[in-house]
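For reference, the structure discussed in these notes is given below.
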Amino acid sequence: MVVETPIVPFLTWLPWGILYWLFVVVCLSVAAMFIGLLVAAMEHGPVIAVKRTRRAIAAGVVDLIRLSPRRVWALTWLAVKESIRRRVVVVFAVFIVVLAFAGLFLDPGSPNPARLYLSFVLTATSYLILLLALFLSAFSLPLDIRSKTLHTVVTKPVRPSEIVLGRMLGFTIIGTGLLAVMALVSYAFVRQGLTHSHTLSAEDVRPIGLVEGDQPRFWEGRTSNERGHRHGMLADSAGNAITDVARGHWHEVTVNGSGPSARYEVGRPKGMLLARVPVYGKVRFRDPDGMDTKEGINVGDEWTYRGYVQGASPAALVWTFDDVNEKDFPDGIPMEMTIGVFRTHKGKIERGVYGSVGIRNPVSGLMVEVEVFESKEFTTNKLMIPRKITRFASAQVVPQKIETGEGVKQTPEKPDAGLAQKREFDVYEDLVADGKVEIWVRCIEPGQYFGAAQADLYLRAADAPFWLNFIKGYFGIWLQMVLVVGFGVMFSTFLSGAVAMIATLGALVGGFFSEFMSQLARGQLQGGGPLEAFYRLVTQNNLMSDLEGGVWVNVIQMADSVMQSGLWVISSVLPAFGRFSYAEYVAYGFDVSLELVLMRFVNALAFLLPVFVAAHFFLKTREVAR
Amino acid sequence: MSEETVVKAENLTKVYRDFWGRQKVRALKALNLEIRRNEVFGLLGPNGSGKTTTMKLLLGLLHPTSGRALVFGREAADVTKNERIGYLPEESYLYRFLNAEETLDFYGRLFNMSGSERRRRTAELIELMGLGSAKRRQLREYSKGMTRRIGLAQALINDPELILLDEPTTGLDPIGTRRMKDLILKLKHEHEEDPKKRPKTIVMCSHLLADVQDVCDRIGILHQGELKELGAVDSLLKVRDVTEFRVSGLSEAGREQVEDAIRAQNGELLSSGNPTTTLEELFLRVIEESEAHPGRRVHGGGSDNAKGGSGDGS
């Protein structure tokens with residue numbers, strides 16, 4: 001599954017994101033100022049401490065504002081030159097060696113070779129680039145300080161902010177160059193690794209269909225087995241031939257000649273490298289009484305991301321989509337869904353659980369049940385609701401019912417049952433109202449449950465170009481690299497090389513767990529904080545049971561709340577590195593939306609800006625010659 | 001701070017502390033010092049006396065524990081003062097993967113110099129330092145003398161008004177040393193020869209006392225972080241209880257009378273007047289006295305006899 005967190009539109013996210021960012025930045029700035037004041041007061045007394053702090057802040061602000069592009073560029077150029085001198089191209093050589101070995105071990109006959117190849121190249125690239133960024137950024141300044149080459153630089157009119165920015169830009173440029181070359185090589189490697197062909201001879205083909213004159217209308221056949229699969233082939237009498245879809249791809253077939261002497265040439269695989277563009281809607285749930293609810297039933301999962309609805313009842317999973325129009329979906333509404341299943345009895349375990357899919361007009365309430373499908377856990381079902389619906393299981397007018405303080409509100413208030421009397425429905429005339437349409441999914445087996453979240457059902461618009469999605473995948477790695485460079489340079493302004501590297505690595509690893517830490521800090525996880533968890537472990541209390549009150553329990557919980565505040569700070573200052581990776585989107589064939597790209601870009605900037613300011617102050621306040 | 005004062009230290013003190021804030025060493029104790037425009041000032045002292053610490057404090061590489069260091073009237077921590085400063089560190093701490101042209105171009109950029117200005121200054125300095133044949137070679141391939149020369153070139157890239165030289169002649173052969181000293185004197189007198197050029201102030205610290213004596217107008221001697229002696233080189237080296245006459249325009253009769261008087265004593269008169277001791281002798285005497293009486297300043301630069309004396313001490 002690619003998306004397993006709620007999707008918030010960029011413009012909805014941005015204002016709250018900025019407010020939260022400002023809050024954290026202000027808190028950290030005040031804390032840093034207070035610590036600085038305290039240290040200065042201990043050394044020089046309170047009066048001088050206040051003067052010095054004020055002077056340091058004023059000078060720091062001036063340094064940050066009055067950056068000289070020429071000096072920054074000179075220092076950037078130096079960082080690039082230094083990186084090249086430190087043989088960063090070795091990383092590229094290692095990458096080539098890794099690919100060469102991968103070519104031997106990656107199995108192109110696997111059920112989803114594109115996912116395998118893409119996951120591999122993206123993961124290998126990101127590990128290598130992040131390691132490179134880590135080493136370059138953490139060791140550069142400490143080496144300069146140790147070899148005293150920095151003395152010659154800081155005795156020129158160079159501001160600490162320019163040194164920090166020059167380093168960050170330099171390493172970013174070198175990493176970007178290397179990443180671009182790696183992306184090109186990876187693209188060629190994936191294309192080359194996935195390409196294959198099949199053979200098909202006239203003996204493998206037989207005529208089918210009605211004969212026109214002495215010529216049959218169609219020919220069908222089976223290709224040779226390559227990489228663990230075959231394709232069926234269908235050709236018409238005009239020589240147009242294609243294969244069916246196997247392992248997520250198909251081939252074009254060129255037919256030369258006709259009849260038993262015909263020669264068939266199977267082309268390159270098509271449809272292997274996709275960038276599906278999902279159009280997400282908003283999900284709500286309908287309970288067995290037909291009332292709308294925001295949440296589904298909790299079937300006992302600790303993870304409450306998915307809500308469930310009961311089978312063989314009016315309960316349903318309902319998605320509402322906006323802006324559904326003929327231009328984007330001219331032939332009907334294509335959709336893909338991955339519906340979770342919860343069984344209260346085994347049933348027929350060898351098959352999935354049956355459900356139905358309906359399309360509903362949110363204004364008139366007309367609902368047409370179009371398809372029955374079999375849902376298997378974590379299997380994606382593809383479905384196309386045609387523009388003209390002539391075959392359907394049922395059609396009825398189903399009002400939406402919402403419990404309000406004044407009773408049950410029904411939409412539409414006066415349902416027109418006559419709308420359901422037609423034998424043919426047009427999606428845009430009957431079921432889409434002002435671009436809005438609802439998709440209903442129901443479980444039709446008693447005792448079984450269907451579960452889903454917002455991203456589990458989406459409409460599939462025209463695919464985006466794969467190469468663009470591939471670039472977006474690498475853009476995610478690039479963002480991670482820039483963040484590592486930022487943190488590495490910041491730590492290296494006040495720590496030695498090895499310690500700065502460990503600190504950056506710690507930030508990287510911590511960043512991958514920052515979401516967990518954030519949940520722990522907010523008390524969203526069962527079992528309390530670290531001390532309470534330890535207490536439960538020792539006293540053999542499970543996570544769900546209430547602890548008996550007592551002095552010790554109170555002390556433990558108070559200590560935990562202090563620790564949780566610390567955890568909140570740590571989780572707020574560490575970027576969730578995992579979120580910057582688009583590898584799964586690319587590997588699973590989903591387009592990385594522009595909104596997501598923008599969101600992560602702004603996210604990265606929000607971290608880099610304070611990191612840059614902090615690095616500047618660390619370098620400014622340290623004694624370079626010590 | 002007057003226009004004439006380029007460097008001023010007011011009770012400048014530096015205490016090195018360990019990680020826990022405990023005092024490790026008091027490297028500089030309440031230094032008061034003024035260096036004036038267009039003079040060559042030498043800072044002398046044995047190892048660990050505080051002269052490099054002083055220089056680092058003036059450059060803002062270290063922060064004073066107390067007191068102030070002002071350069072051109074600005075706090076040493078203010079980076080804008082560096083626009084008028086050139087600094088040659090003890091070892092030429094340069095990026096050894098760059099060649100001479102790249103090095104000078106890089107440091108020129110740090111002074112925000114335009115491309116054409118950088119090219120002009122680079123060519124001029126490479127010519128001046130005699131590095132024309134090696135300008136495209138990486139600095140890692142340079143000899144010690146060449147490295148010092150390119151180090152000095154980078155210190156001069158911005159045509160500075162204040163030049164700080166840390167052990168400028170260390171490691172140089174006699175010819176290199178001579179060239180360095182000539183260059184220092186040339187920089188000092190540049191303004192006199194061409195009034196359009198800005199007068200230069202040079203501060204150098206060195207162990208090579210003869211070099212300091214050759215080029216410095218004034219010197220300060222540091223020992224155990226304290227300034228023990230300060231004054232003009234000539235004045236400090238003067239032996240005051242011995243009188244030397246160098247007479248011109250003396251009448252023949254008068255000269256004969258003096259010569260007769262000397263001959264009457266069976267002597268041969270070559271010259272008369274105050275002989276000078278060497279800087280080395282003065283330096284060693286100051287250090288010896290400082291060790292005998294710690295915490296007490298050695299007064300007077302001139303000596304009463306050839307073995308000792310007092311300077312003007314100002």
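FYI, nothing fancy with the structure tokens labels: chains A, B, ... in order, residues from 1 per chain, ligands from 1 as they appear.
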Problem set entry | Spatial neighbours of region 324-334 of chain A, max dist 9 Å, only C-alpha atoms, sep filter under 3 positions, as an MDAnalysis selection string | chainID A and resid 321 382:388 427:428 432 434:437 458:462
For the residues in that selection, give me N, CA and C atoms as a PDB file, in the first residue's frame.
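Once everything was written out, this is part.pdb:
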```pdb
ATOM      1  N   PHE A 321     -16.536  12.111  -4.555  1.00  0.00           N
ATOM      2  CA  PHE A 321     -15.515  12.728  -5.419  1.00  0.00           C
ATOM      3  C   PHE A 321     -16.039  14.041  -5.980  1.00  0.00           C
ATOM      4  N   LYS A 382      -9.681  -3.767  -9.998  1.00  0.00           N
ATOM      5  CA  LYS A 382      -9.862  -2.687 -10.971  1.00  0.00           C
ATOM      6  C   LYS A 382     -11.281  -2.778 -11.512  1.00  0.00           C
ATOM      7  N   LEU A 383     -11.861  -1.624 -11.737  1.00  0.00           N
ATOM      8  CA  LEU A 383     -13.253  -1.612 -12.161  1.00  0.00           C
ATOM      9  C   LEU A 383     -13.486  -0.401 -13.043  1.00  0.00           C
ATOM     10  N   MET A 384     -14.347  -0.592 -14.057  1.00  0.00           N
ATOM     11  CA  MET A 384     -14.688   0.537 -14.932  1.00  0.00           C
ATOM     12  C   MET A 384     -16.207   0.670 -14.935  1.00  0.00           C
ATOM     13  N   ILE A 385     -16.693   1.797 -14.461  1.00  0.00           N
ATOM     14  CA  ILE A 385     -18.133   2.053 -14.559  1.00  0.00           C
ATOM     15  C   ILE A 385     -18.351   2.732 -15.906  1.00  0.00           C
ATOM     16  N   PRO A 386     -19.037   2.044 -16.838  1.00  0.00           N
ATOM     17  CA  PRO A 386     -19.122   2.611 -18.194  1.00  0.00           C
ATOM     18  C   PRO A 386     -19.969   3.887 -18.232  1.00  0.00           C
ATOM     19  N   ARG A 387     -19.751   4.641 -19.272  1.00  0.00           N
ATOM     20  CA  ARG A 387     -20.506   5.897 -19.428  1.00  0.00           C
ATOM     21  C   ARG A 387     -22.013   5.595 -19.470  1.00  0.00           C
ATOM     22  N   LYS A 388     -22.411   4.609 -20.274  1.00  0.00           N
ATOM     23  CA  LYS A 388     -23.812   4.182 -20.334  1.00  0.00           C
ATOM     24  C   LYS A 388     -23.951   2.905 -19.534  1.00  0.00           C
ATOM     25  N   VAL A 427     -23.902   8.161 -16.894  1.00  0.00           N
ATOM     26  CA  VAL A 427     -23.159   8.569 -15.698  1.00  0.00           C
ATOM     27  C   VAL A 427     -23.268  10.075 -15.472  1.00  0.00           C
ATOM     28  N   TYR A 428     -23.033  10.851 -16.543  1.00  0.00           N
ATOM     29  CA  TYR A 428     -22.988  12.312 -16.345  1.00  0.00           C
ATOM     30  C   TYR A 428     -24.374  12.952 -16.258  1.00  0.00           C
ATOM     31  N   VAL A 432     -23.897  12.058 -11.886  1.00  0.00           N
ATOM     32  CA  VAL A 432     -22.943  13.091 -11.465  1.00  0.00           C
ATOM     33  C   VAL A 432     -23.696  14.419 -11.366  1.00  0.00           C
ATOM     34  N   ASP A 434     -23.099  18.375 -10.560  1.00  0.00           N
ATOM     35  CA  ASP A 434     -22.097  19.449 -10.400  1.00  0.00           C
ATOM     36  C   ASP A 434     -20.698  18.886 -10.148  1.00  0.00           C
ATOM     37  N   GLY A 435     -20.374  17.840 -10.865  1.00  0.00           N
ATOM     38  CA  GLY A 435     -19.041  17.248 -10.716  1.00  0.00           C
ATOM     39  C   GLY A 435     -18.918  16.309  -9.533  1.00  0.00           C
ATOM     40  N   LYS A 436     -19.967  16.227  -8.721  1.00  0.00           N
ATOM     41  CA  LYS A 436     -19.875  15.363  -7.526  1.00  0.00           C
ATOM     42  C   LYS A 436     -20.547  14.022  -7.789  1.00  0.00           C
ATOM     43  N   VAL A 437     -19.893  13.005  -7.278  1.00  0.00           N
ATOM     44  CA  VAL A 437     -20.476  11.665  -7.394  1.00  0.00           C
ATOM     45  C   VAL A 437     -20.007  10.824  -6.200  1.00  0.00           C
ATOM     46  N   TYR A 458      -9.810   4.934  -5.347  1.00  0.00           N
ATOM     47  CA  TYR A 458      -9.549   6.169  -6.086  1.00  0.00           C
ATOM     48  C   TYR A 458      -9.973   5.997  -7.537  1.00  0.00           C
ATOM     49  N   LEU A 459     -10.275   7.120  -8.158  1.00  0.00           N
ATOM     50  CA  LEU A 459     -10.565   7.099  -9.587  1.00  0.00           C
ATOM     51  C   LEU A 459      -9.230   7.198 -10.305  1.00  0.00           C
ATOM     52  N   ARG A 460      -9.144   6.540 -11.437  1.00  0.00           N
ATOM     53  CA  ARG A 460      -7.854   6.543 -12.129  1.00  0.00           C
ATOM     54  C   ARG A 460      -7.960   7.382 -13.390  1.00  0.00           C
ATOM     55  N   ALA A 461      -7.363   8.559 -13.316  1.00  0.00           N
ATOM     56  CA  ALA A 461      -7.348   9.432 -14.495  1.00  0.00           C
ATOM     57  C   ALA A 461      -6.267   8.938 -15.444  1.00  0.00           C
ATOM     58  N   ALA A 462      -6.072   9.645 -16.551  1.00  0.00           N
ATOM     59  CA  ALA A 462      -5.039   9.240 -17.519  1.00  0.00           C
ATOM     60  C   ALA A 462      -3.680   9.184 -16.828  1.00  0.00           C
TER      61      ALA A 462
END
```
Exercise. Which chain A residues are at most 6 Å from chain B (counting only C-alpha atoms), as a VMD selection string?
Worked result: chain A and resid 71 148 to 149 156 to 157 623 to 625
Only C-alpha atoms, please: the residues just picked out, written as a PDB file, in the first residue's frame.
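Once everything was written out, this is selection.pdb:
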```pdb
ATOM      1  CA  ARG A  71      31.603  35.151  -1.373  1.00  0.00           C
ATOM      2  CA  LYS A 148      43.663  25.624  10.187  1.00  0.00           C
ATOM      3  CA  THR A 149      42.787  26.418   6.569  1.00  0.00           C
ATOM      4  CA  LYS A 156      38.813  37.700   5.447  1.00  0.00           C
ATOM      5  CA  PRO A 157      35.546  39.672   5.572  1.00  0.00           C
ATOM      6  CA  GLU A 623      36.390  30.179  18.712  1.00  0.00           C
ATOM      7  CA  VAL A 624      37.750  28.975  15.422  1.00  0.00           C
ATOM      8  CA  ALA A 625      41.364  28.963  16.643  1.00  0.00           C
TER       9      ALA A 625
END
```
For this session: From region 138-211 of chain A, collect each residue whose DSSP state is strand (DSSP E) and return the set as a ChimeraX atom specification.
Result: /A:199-200,205-211
What would the file look like if the residues just selected were written as a PDB file, in the first residue's frame with N, CA and C atoms?
```pdb
ATOM      1  N   THR A 199       8.633 -15.295 -28.458  1.00  0.00           N
ATOM      2  CA  THR A 199       8.538 -15.741 -29.856  1.00  0.00           C
ATOM      3  C   THR A 199       7.153 -16.337 -30.082  1.00  0.00           C
ATOM      4  N   LEU A 200       6.722 -16.212 -31.288  1.00  0.00           N
ATOM      5  CA  LEU A 200       5.400 -16.734 -31.652  1.00  0.00           C
ATOM      6  C   LEU A 200       5.497 -17.172 -33.111  1.00  0.00           C
ATOM      7  N   VAL A 205      -0.410 -20.650 -33.536  1.00  0.00           N
ATOM      8  CA  VAL A 205      -1.589 -19.808 -33.773  1.00  0.00           C
ATOM      9  C   VAL A 205      -2.668 -20.630 -34.461  1.00  0.00           C
ATOM     10  N   ARG A 206      -3.948 -20.384 -34.009  1.00  0.00           N
ATOM     11  CA  ARG A 206      -5.034 -21.092 -34.693  1.00  0.00           C
ATOM     12  C   ARG A 206      -6.155 -20.101 -35.006  1.00  0.00           C
ATOM     13  N   PRO A 207      -6.912 -20.384 -36.065  1.00  0.00           N
ATOM     14  CA  PRO A 207      -7.986 -19.456 -36.434  1.00  0.00           C
ATOM     15  C   PRO A 207      -9.198 -19.630 -35.526  1.00  0.00           C
ATOM     16  N   ILE A 208      -9.873 -18.530 -35.258  1.00  0.00           N
ATOM     17  CA  ILE A 208     -11.135 -18.600 -34.509  1.00  0.00           C
ATOM     18  C   ILE A 208     -12.126 -17.637 -35.144  1.00  0.00           C
ATOM     19  N   GLY A 209     -13.381 -17.739 -34.781  1.00  0.00           N
ATOM     20  CA  GLY A 209     -14.398 -16.816 -35.269  1.00  0.00           C
ATOM     21  C   GLY A 209     -14.945 -17.251 -36.611  1.00  0.00           C
ATOM     22  N   LEU A 210     -15.876 -16.466 -37.109  1.00  0.00           N
ATOM     23  CA  LEU A 210     -16.533 -16.791 -38.370  1.00  0.00           C
ATOM     24  C   LEU A 210     -15.577 -16.587 -39.541  1.00  0.00           C
ATOM     25  N   VAL A 211     -15.707 -17.450 -40.516  1.00  0.00           N
ATOM     26  CA  VAL A 211     -14.831 -17.358 -41.676  1.00  0.00           C
ATOM     27  C   VAL A 211     -15.463 -16.448 -42.730  1.00  0.00           C
TER      28      VAL A 211
END
```
Exercise. Near region 558-567 of chain A, within 12 Å and counting only C-alpha atoms, which residues show up once chain neighbours fewer than 5 positions away are dropped, as number ranges by chain?
Worked result: A: 510, 513-525, 527-535, 551-553, 572-574
For this session: Find the residues near region 272-285 of chain A: any atom within 7 Å, counting only C-alpha atoms, skip ones fewer than 3 places away on the same chain, and give them as a count of residues only.
Result: 31
For this session: Find the spatial neighbours of region 500-507 of chain A, counting only C-alpha atoms, within a cut-off of 10 Å - ignore same-chain residues fewer than 6 positions away - and output them as an MDAnalysis selection string.
Result: chainID A and resid 130:131 134:139 142 483:494 513:514 570:571 573:577
How about saving the chosen residues, N, CA and C atoms kept, as an mmCIF file, in the first residue's frame?
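Done, and the output landed in out.cif:
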```
data_model
loop_
_atom_site.group_PDB
_atom_site.id
_atom_site.type_symbol
_atom_site.label_atom_id
_atom_site.label_comp_id
_atom_site.auth_asym_id
_atom_site.auth_seq_id
_atom_site.Cartn_x
_atom_site.Cartn_y
_atom_site.Cartn_z
ATOM 1 N N LEU A 130 22.885 9.306 0.559
ATOM 2 C CA LEU A 130 22.774 9.795 1.939
ATOM 3 C C LEU A 130 24.087 9.565 2.689
ATOM 4 N N LEU A 131 24.720 8.434 2.423
ATOM 5 C CA LEU A 131 26.026 8.176 3.059
ATOM 6 C C LEU A 131 27.054 9.215 2.615
ATOM 7 N N LEU A 134 26.352 12.474 4.199
ATOM 8 C CA LEU A 134 26.705 12.394 5.621
ATOM 9 C C LEU A 134 28.207 12.628 5.815
ATOM 10 N N PHE A 135 29.016 11.916 5.044
ATOM 11 C CA PHE A 135 30.475 12.017 5.209
ATOM 12 C C PHE A 135 30.984 13.396 4.791
ATOM 13 N N LEU A 136 30.511 13.848 3.627
ATOM 14 C CA LEU A 136 31.001 15.145 3.135
ATOM 15 C C LEU A 136 30.683 16.257 4.119
ATOM 16 N N SER A 137 29.429 16.297 4.548
ATOM 17 C CA SER A 137 28.994 17.442 5.354
ATOM 18 C C SER A 137 29.546 17.393 6.774
ATOM 19 N N ALA A 138 29.673 16.198 7.333
ATOM 20 C CA ALA A 138 30.090 16.111 8.744
ATOM 21 C C ALA A 138 31.592 16.341 8.915
ATOM 22 N N PHE A 139 32.382 16.012 7.905
ATOM 23 C CA PHE A 139 33.834 16.075 8.103
ATOM 24 C C PHE A 139 34.494 17.335 7.545
ATOM 25 N N PRO A 142 35.137 20.445 10.275
ATOM 26 C CA PRO A 142 36.115 20.047 11.291
ATOM 27 C C PRO A 142 37.516 19.834 10.716
ATOM 28 N N LEU A 483 18.650 17.623 3.266
ATOM 29 C CA LEU A 483 18.422 17.681 4.719
ATOM 30 C C LEU A 483 19.628 17.109 5.475
ATOM 31 N N VAL A 484 20.150 15.992 4.985
ATOM 32 C CA VAL A 484 21.325 15.401 5.640
ATOM 33 C C VAL A 484 22.508 16.371 5.562
ATOM 34 N N VAL A 485 22.686 16.999 4.401
ATOM 35 C CA VAL A 485 23.767 17.985 4.256
ATOM 36 C C VAL A 485 23.576 19.112 5.276
ATOM 37 N N GLY A 486 22.343 19.600 5.380
ATOM 38 C CA GLY A 486 22.047 20.697 6.312
ATOM 39 C C GLY A 486 22.383 20.315 7.747
ATOM 40 N N PHE A 487 21.905 19.163 8.158
ATOM 41 C CA PHE A 487 22.165 18.736 9.541
ATOM 42 C C PHE A 487 23.650 18.451 9.751
ATOM 43 N N GLY A 488 24.283 17.825 8.747
ATOM 44 C CA GLY A 488 25.712 17.506 8.861
ATOM 45 C C GLY A 488 26.547 18.765 9.030
ATOM 46 N N VAL A 489 26.273 19.772 8.197
ATOM 47 C CA VAL A 489 27.039 21.026 8.285
ATOM 48 C C VAL A 489 26.760 21.693 9.636
ATOM 49 N N MET A 490 25.494 21.669 10.068
ATOM 50 C CA MET A 490 25.171 22.318 11.340
ATOM 51 C C MET A 490 25.944 21.660 12.498
ATOM 52 N N PHE A 491 25.902 20.342 12.550
ATOM 53 C CA PHE A 491 26.612 19.662 13.651
ATOM 54 C C PHE A 491 28.116 19.893 13.563
ATOM 55 N N SER A 492 28.621 19.979 12.313
ATOM 56 C CA SER A 492 30.077 20.119 12.159
ATOM 57 C C SER A 492 30.567 21.508 12.566
ATOM 58 N N THR A 493 29.648 22.462 12.786
ATOM 59 C CA THR A 493 30.106 23.794 13.199
ATOM 60 C C THR A 493 30.550 23.815 14.657
ATOM 61 N N PHE A 494 30.117 22.809 15.436
ATOM 62 C CA PHE A 494 30.541 22.823 16.842
ATOM 63 C C PHE A 494 31.004 21.458 17.353
ATOM 64 N N PHE A 513 11.963 7.762 12.882
ATOM 65 C CA PHE A 513 11.017 7.375 13.938
ATOM 66 C C PHE A 513 10.310 8.589 14.546
ATOM 67 N N SER A 514 10.450 9.756 13.900
ATOM 68 C CA SER A 514 9.908 10.971 14.536
ATOM 69 C C SER A 514 8.389 10.901 14.664
ATOM 70 N N ILE A 570 12.089 16.889 20.476
ATOM 71 C CA ILE A 570 12.947 16.127 19.552
ATOM 72 C C ILE A 570 12.171 15.786 18.275
ATOM 73 N N SER A 571 10.935 15.313 18.446
ATOM 74 C CA SER A 571 10.161 14.928 17.254
ATOM 75 C C SER A 571 9.827 16.138 16.389
ATOM 76 N N VAL A 573 11.846 18.822 16.002
ATOM 77 C CA VAL A 573 13.028 19.370 15.325
ATOM 78 C C VAL A 573 13.663 18.381 14.346
ATOM 79 N N LEU A 574 13.207 17.149 14.373
ATOM 80 C CA LEU A 574 13.766 16.173 13.431
ATOM 81 C C LEU A 574 12.806 15.964 12.267
ATOM 82 N N PRO A 575 13.311 16.052 11.052
ATOM 83 C CA PRO A 575 12.424 15.811 9.919
ATOM 84 C C PRO A 575 12.092 14.325 9.797
ATOM 85 N N ALA A 576 10.844 14.027 9.468
ATOM 86 C CA ALA A 576 10.457 12.617 9.265
ATOM 87 C C ALA A 576 11.009 12.198 7.904
ATOM 88 N N PHE A 577 12.246 11.697 7.914
ATOM 89 C CA PHE A 577 12.948 11.412 6.656
ATOM 90 C C PHE A 577 12.156 10.471 5.745
#
```
